[in-house]
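The next block is target27.txt, given as compact mmCIF, C-alpha atoms.
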```txt
# COMPACT_ATOMS: atom_id res chain seq x y z
CA MET T 1 -32.83 15.67 22.00
CA LYS T 2 -34.36 12.89 19.92
CA ARG T 3 -32.61 14.25 16.83
CA ILE T 4 -29.20 14.20 18.56
CA PHE T 5 -29.79 10.60 19.60
CA VAL T 6 -30.64 9.59 16.01
CA VAL T 7 -27.54 11.35 14.66
CA LEU T 8 -25.30 9.66 17.26
CA LEU T 9 -26.85 6.27 16.54
CA ALA T 10 -26.34 6.72 12.81
CA ALA T 11 -22.71 7.73 13.36
CA LEU T 12 -22.07 4.60 15.42
CA VAL T 13 -23.63 2.35 12.78
CA LEU T 14 -21.67 3.96 9.96
CA ALA T 15 -18.41 3.78 11.89
CA GLY T 16 -18.69 0.01 11.95
CA CYS T 17 -19.27 -0.32 8.19
CA GLY T 18 -15.93 0.62 6.67
CA GLY T 19 -12.22 0.17 6.89
CA THR T 20 -10.03 -2.91 6.99
CA PRO T 21 -11.29 -6.45 7.64
CA ALA T 22 -12.65 -6.54 11.14
CA GLN T 23 -10.76 -8.49 13.73
CA ASP T 24 -12.84 -11.27 15.24
CA SER T 25 -13.96 -10.69 18.80
CA SER T 26 -11.68 -13.61 19.67
CA GLY T 27 -8.64 -11.59 18.56
CA TYR T 28 -7.92 -13.02 15.11
CA GLN T 29 -8.92 -12.15 11.55
CA GLN T 30 -10.62 -14.41 9.07
CA ILE T 31 -9.25 -14.03 5.53
CA SER T 32 -9.97 -15.67 2.19
CA GLN T 33 -7.90 -18.52 0.88
CA GLU T 34 -6.82 -16.25 -1.97
CA GLU T 35 -5.46 -13.71 0.50
CA ALA T 36 -3.76 -16.46 2.49
CA LYS T 37 -2.09 -17.77 -0.69
CA ALA T 38 -0.88 -14.26 -1.57
CA ARG T 39 0.63 -13.89 1.90
CA MET T 40 2.30 -17.29 1.58
CA ASP T 41 3.70 -16.39 -1.84
CA ALA T 42 5.11 -13.20 -0.32
CA GLY T 43 6.91 -15.32 2.28
CA GLN T 44 5.03 -13.82 5.18
CA GLY T 45 4.85 -15.63 8.49
CA VAL T 46 4.14 -19.21 9.50
CA VAL T 47 1.55 -21.46 7.88
CA LEU T 48 0.04 -23.52 10.70
CA ASP T 49 -1.84 -26.79 10.12
CA VAL T 50 -3.84 -27.58 13.26
CA ARG T 51 -5.10 -31.04 12.24
CA GLU T 52 -3.79 -34.35 13.58
CA GLN T 53 -0.54 -36.01 12.43
CA SER T 54 -2.30 -38.60 10.22
CA GLU T 55 -4.28 -35.86 8.46
CA TYR T 56 -1.13 -33.80 7.94
CA ASP T 57 0.69 -36.86 6.55
CA SER T 58 -2.09 -37.50 4.03
CA GLY T 59 -1.65 -34.02 2.53
CA HIS T 60 -0.84 -30.48 3.64
CA ILE T 61 -0.01 -27.07 2.26
CA PRO T 62 3.69 -26.90 1.29
CA GLY T 63 5.76 -25.39 4.09
CA ALA T 64 3.02 -25.79 6.69
CA VAL T 65 4.02 -26.58 10.26
CA LEU T 66 1.92 -29.05 12.24
CA LEU T 67 0.54 -28.00 15.62
CA PRO T 68 -2.64 -29.96 16.46
CA VAL T 69 -5.29 -27.75 18.00
CA GLY T 70 -5.52 -29.91 21.13
CA SER T 71 -1.84 -29.45 21.87
CA ILE T 72 -1.65 -25.64 21.69
CA THR T 73 -0.04 -24.21 24.81
CA GLU T 74 2.32 -21.32 25.45
CA ASP T 75 5.30 -23.67 25.06
CA THR T 76 4.17 -25.60 21.97
CA ALA T 77 3.19 -22.40 20.16
CA ALA T 78 6.51 -20.75 21.03
CA ALA T 79 8.34 -23.76 19.60
CA VAL T 80 6.93 -23.20 16.09
CA ILE T 81 6.12 -19.47 15.99
CA PRO T 82 9.20 -17.22 16.29
CA SER T 83 7.52 -14.34 18.12
CA LYS T 84 4.10 -13.14 19.19
CA GLU T 85 4.21 -10.55 16.39
CA THR T 86 4.88 -13.16 13.66
CA GLU T 87 2.10 -13.47 11.12
CA VAL T 88 0.38 -16.84 11.58
CA LEU T 89 -1.84 -18.30 8.83
CA VAL T 90 -4.03 -21.03 10.35
CA TYR T 91 -5.98 -23.82 8.63
CA CYS T 92 -7.45 -27.25 9.33
CA ARG T 93 -9.67 -29.67 7.40
CA SER T 94 -12.93 -27.73 7.16
CA GLY T 95 -12.45 -24.51 9.14
CA ASN T 96 -13.75 -25.43 12.59
CA ARG T 97 -10.52 -26.36 14.37
CA SER T 98 -8.69 -23.46 12.73
CA LYS T 99 -11.11 -21.03 14.38
CA THR T 100 -10.57 -22.68 17.77
CA ALA T 101 -6.79 -22.65 17.28
CA SER T 102 -6.77 -19.03 16.12
CA ALA T 103 -8.72 -17.94 19.19
CA ALA T 104 -6.32 -19.91 21.41
CA LEU T 105 -3.28 -18.25 19.81
CA ALA T 106 -4.84 -14.81 20.17
CA ALA T 107 -5.57 -15.56 23.84
CA LEU T 108 -1.88 -16.44 24.27
CA GLY T 109 -0.98 -12.97 22.98
CA TYR T 110 -0.23 -13.60 19.30
CA THR T 111 -1.18 -10.41 17.50
CA SER T 112 -1.19 -11.34 13.78
CA VAL T 113 -3.33 -14.46 13.54
CA TYR T 114 -5.21 -15.06 10.29
CA GLU T 115 -7.63 -17.96 9.90
CA PHE T 116 -8.42 -19.07 6.36
CA GLY T 117 -10.58 -22.16 6.66
CA GLY T 118 -9.89 -25.71 5.60
CA ILE T 119 -7.78 -27.70 3.21
CA ASN T 120 -10.96 -29.34 1.86
CA THR T 121 -11.59 -26.23 -0.23
CA TRP T 122 -7.94 -25.22 -0.80
CA PRO T 123 -7.63 -24.70 -4.58
CA TYR T 124 -3.84 -24.61 -4.63
CA GLU T 125 -0.98 -27.08 -4.27
CA VAL T 126 -1.02 -29.74 -1.56
CA THR T 127 1.90 -32.01 -0.72
CA SER T 128 2.23 -35.19 1.32
```
So, in terms of structure tokens, how does the structure I just supplied come out?
Amino acid sequence: MKRIFVVLLAALVLAGCGGTPAQDSSGYQQISQEEAKARMDAGQGVVLDVREQSEYDSGHIPGAVLLPVGSITEDTAAAVIPSKETEVLVYCRSGNRSKTASAALAALGYTSVYEFGGINTWPYEVTS
């Protein structure tokens, strides 16, 4: 009996160790900035800046749409994201608000939300 328990426990542990990047328990995936850039270059989805207007105006990722984290509702999200299946790449200044925003979008039913941190460490082009 003890041996069966150990085998089952080991199987459960190993099952959680492989495969694709795990989806956060909040319903979104965290990806690297390199992966986010590759997705942007492929023309996939919406790039969502969740900072405030003044921060966006001082510099943002080219093509990014502004939707401040504090204003995310069913209606405001629907206005900038074509469908709940659209890939959404979310960033902020340092990575805190983007996590909050990503969880909010997932809670609203968006199924392809990818959080990639903050513009402070973005090594690619920024426009103002």
Please build the interface table for segment 39-68 of chain T against segment 119-126 of chain T with a cut-off of 12 Å, listing for each qualifying residue the nearest atom pair and the distance in Å to one decimal; count all atoms listed in the file, order rows by chain and increasing number, and write it as CSV.
```
residue,atom,partner,partner_atom,distance
T:Met40,CA,T:Tyr124,CA,11.4
T:Asp41,CA,T:Tyr124,CA,11.5
T:Leu48,CA,T:Ile119,CA,11.6
T:Asp49,CA,T:Ile119,CA,9.2
T:Val50,CA,T:Ile119,CA,10.8
T:Arg51,CA,T:Ile119,CA,10.0
T:Glu55,CA,T:Ile119,CA,10.3
T:Tyr56,CA,T:Ile119,CA,10.2
T:Asp57,CA,T:Val126,CA,10.9
T:Ser58,CA,T:Val126,CA,9.6
T:Gly59,CA,T:Val126,CA,6.0
T:His60,CA,T:Val126,CA,5.3
T:Ile61,CA,T:Val126,CA,4.8
T:Pro62,CA,T:Val126,CA,6.2
T:Gly63,CA,T:Val126,CA,9.8
T:Ala64,CA,T:Val126,CA,10.0
```
For segment 60-70 of chain T, take all atoms listed in the file, fit an axis-aligned box around them, add 5 Å to each of the six sides, then output centre and edge lengths in Å rounded to one decimal, as AutoDock Vina command-line options.
```
--center_x 0.1 --center_y -27.9 --center_z 11.2 --size_x 21.3 --size_y 15.1 --size_z 29.8
```
Given only C-alpha atoms as the counted atoms, nearest of T:Ser128, T:Glu52, T:Asp75, T:Thr111 to Tyr91 of chain T: T:Glu52
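The two atoms in question, atom CA of Glu74 of chain T and atom CA of Ser94 of chain T, are spaced 24.7 Å apart.
Contact shell of Ala101 of chain T at 10 Å (all atoms listed in the file; same-chain neighbours under 5 positions omitted): Tyr28, Leu48, Asp49, Val50, Arg51, Leu67, Pro68, Val69, Gly70, Ser71, Ile72, Val90, Tyr91, Cys92, Asn96, Ala106, Ala107, Val113 and Glu115 of chain T.
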Exercise: Lys99 of chain T partners within 8 Å, all atoms listed in the file, chain neighbours under 4 positions left out, as a list in words: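 Listed by chain and then number, they are Gly95, Ala103, Glu115 and Gly117 of chain T.
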Nearest to Val47 of chain T: which of T:Phe116, T:Gly27, T:Glu34, T:Thr100 is it, counting all atoms listed in the file?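 Closest residue, counting all atoms listed in the file: T:Phe116.
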One decimal, Å: what's the distance from atom CA of Gln53 of chain T over to atom CA of Glu85 of chain T, could you say?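 Those two atoms sit 26.2 Å apart.
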Any idea what the distance is between atom CA of Glu87 of chain T and atom CA of Ser102 of chain T? 11.6 Å
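Take the candidates T:Thr127, T:Ser112, T:Gln29, T:Thr86 and check each one against Val46 of chain T using all atoms listed in the file; the shortest distance goes to T:Thr86.
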Of the candidates T:Thr76, T:Gly118, T:Gln33, T:Ala38, which one gets nearest to Ser98 of chain T if we count all atoms listed in the file?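 For Ser98 of chain T, the nearest of the given residues is T:Gly118.
Nearest-residue note for Tyr110 of chain T: choosing from T:Ala42, T:Arg97, T:Leu89, T:Val65, the minimum distance belongs to T:Leu89, counting all atoms listed in the file.
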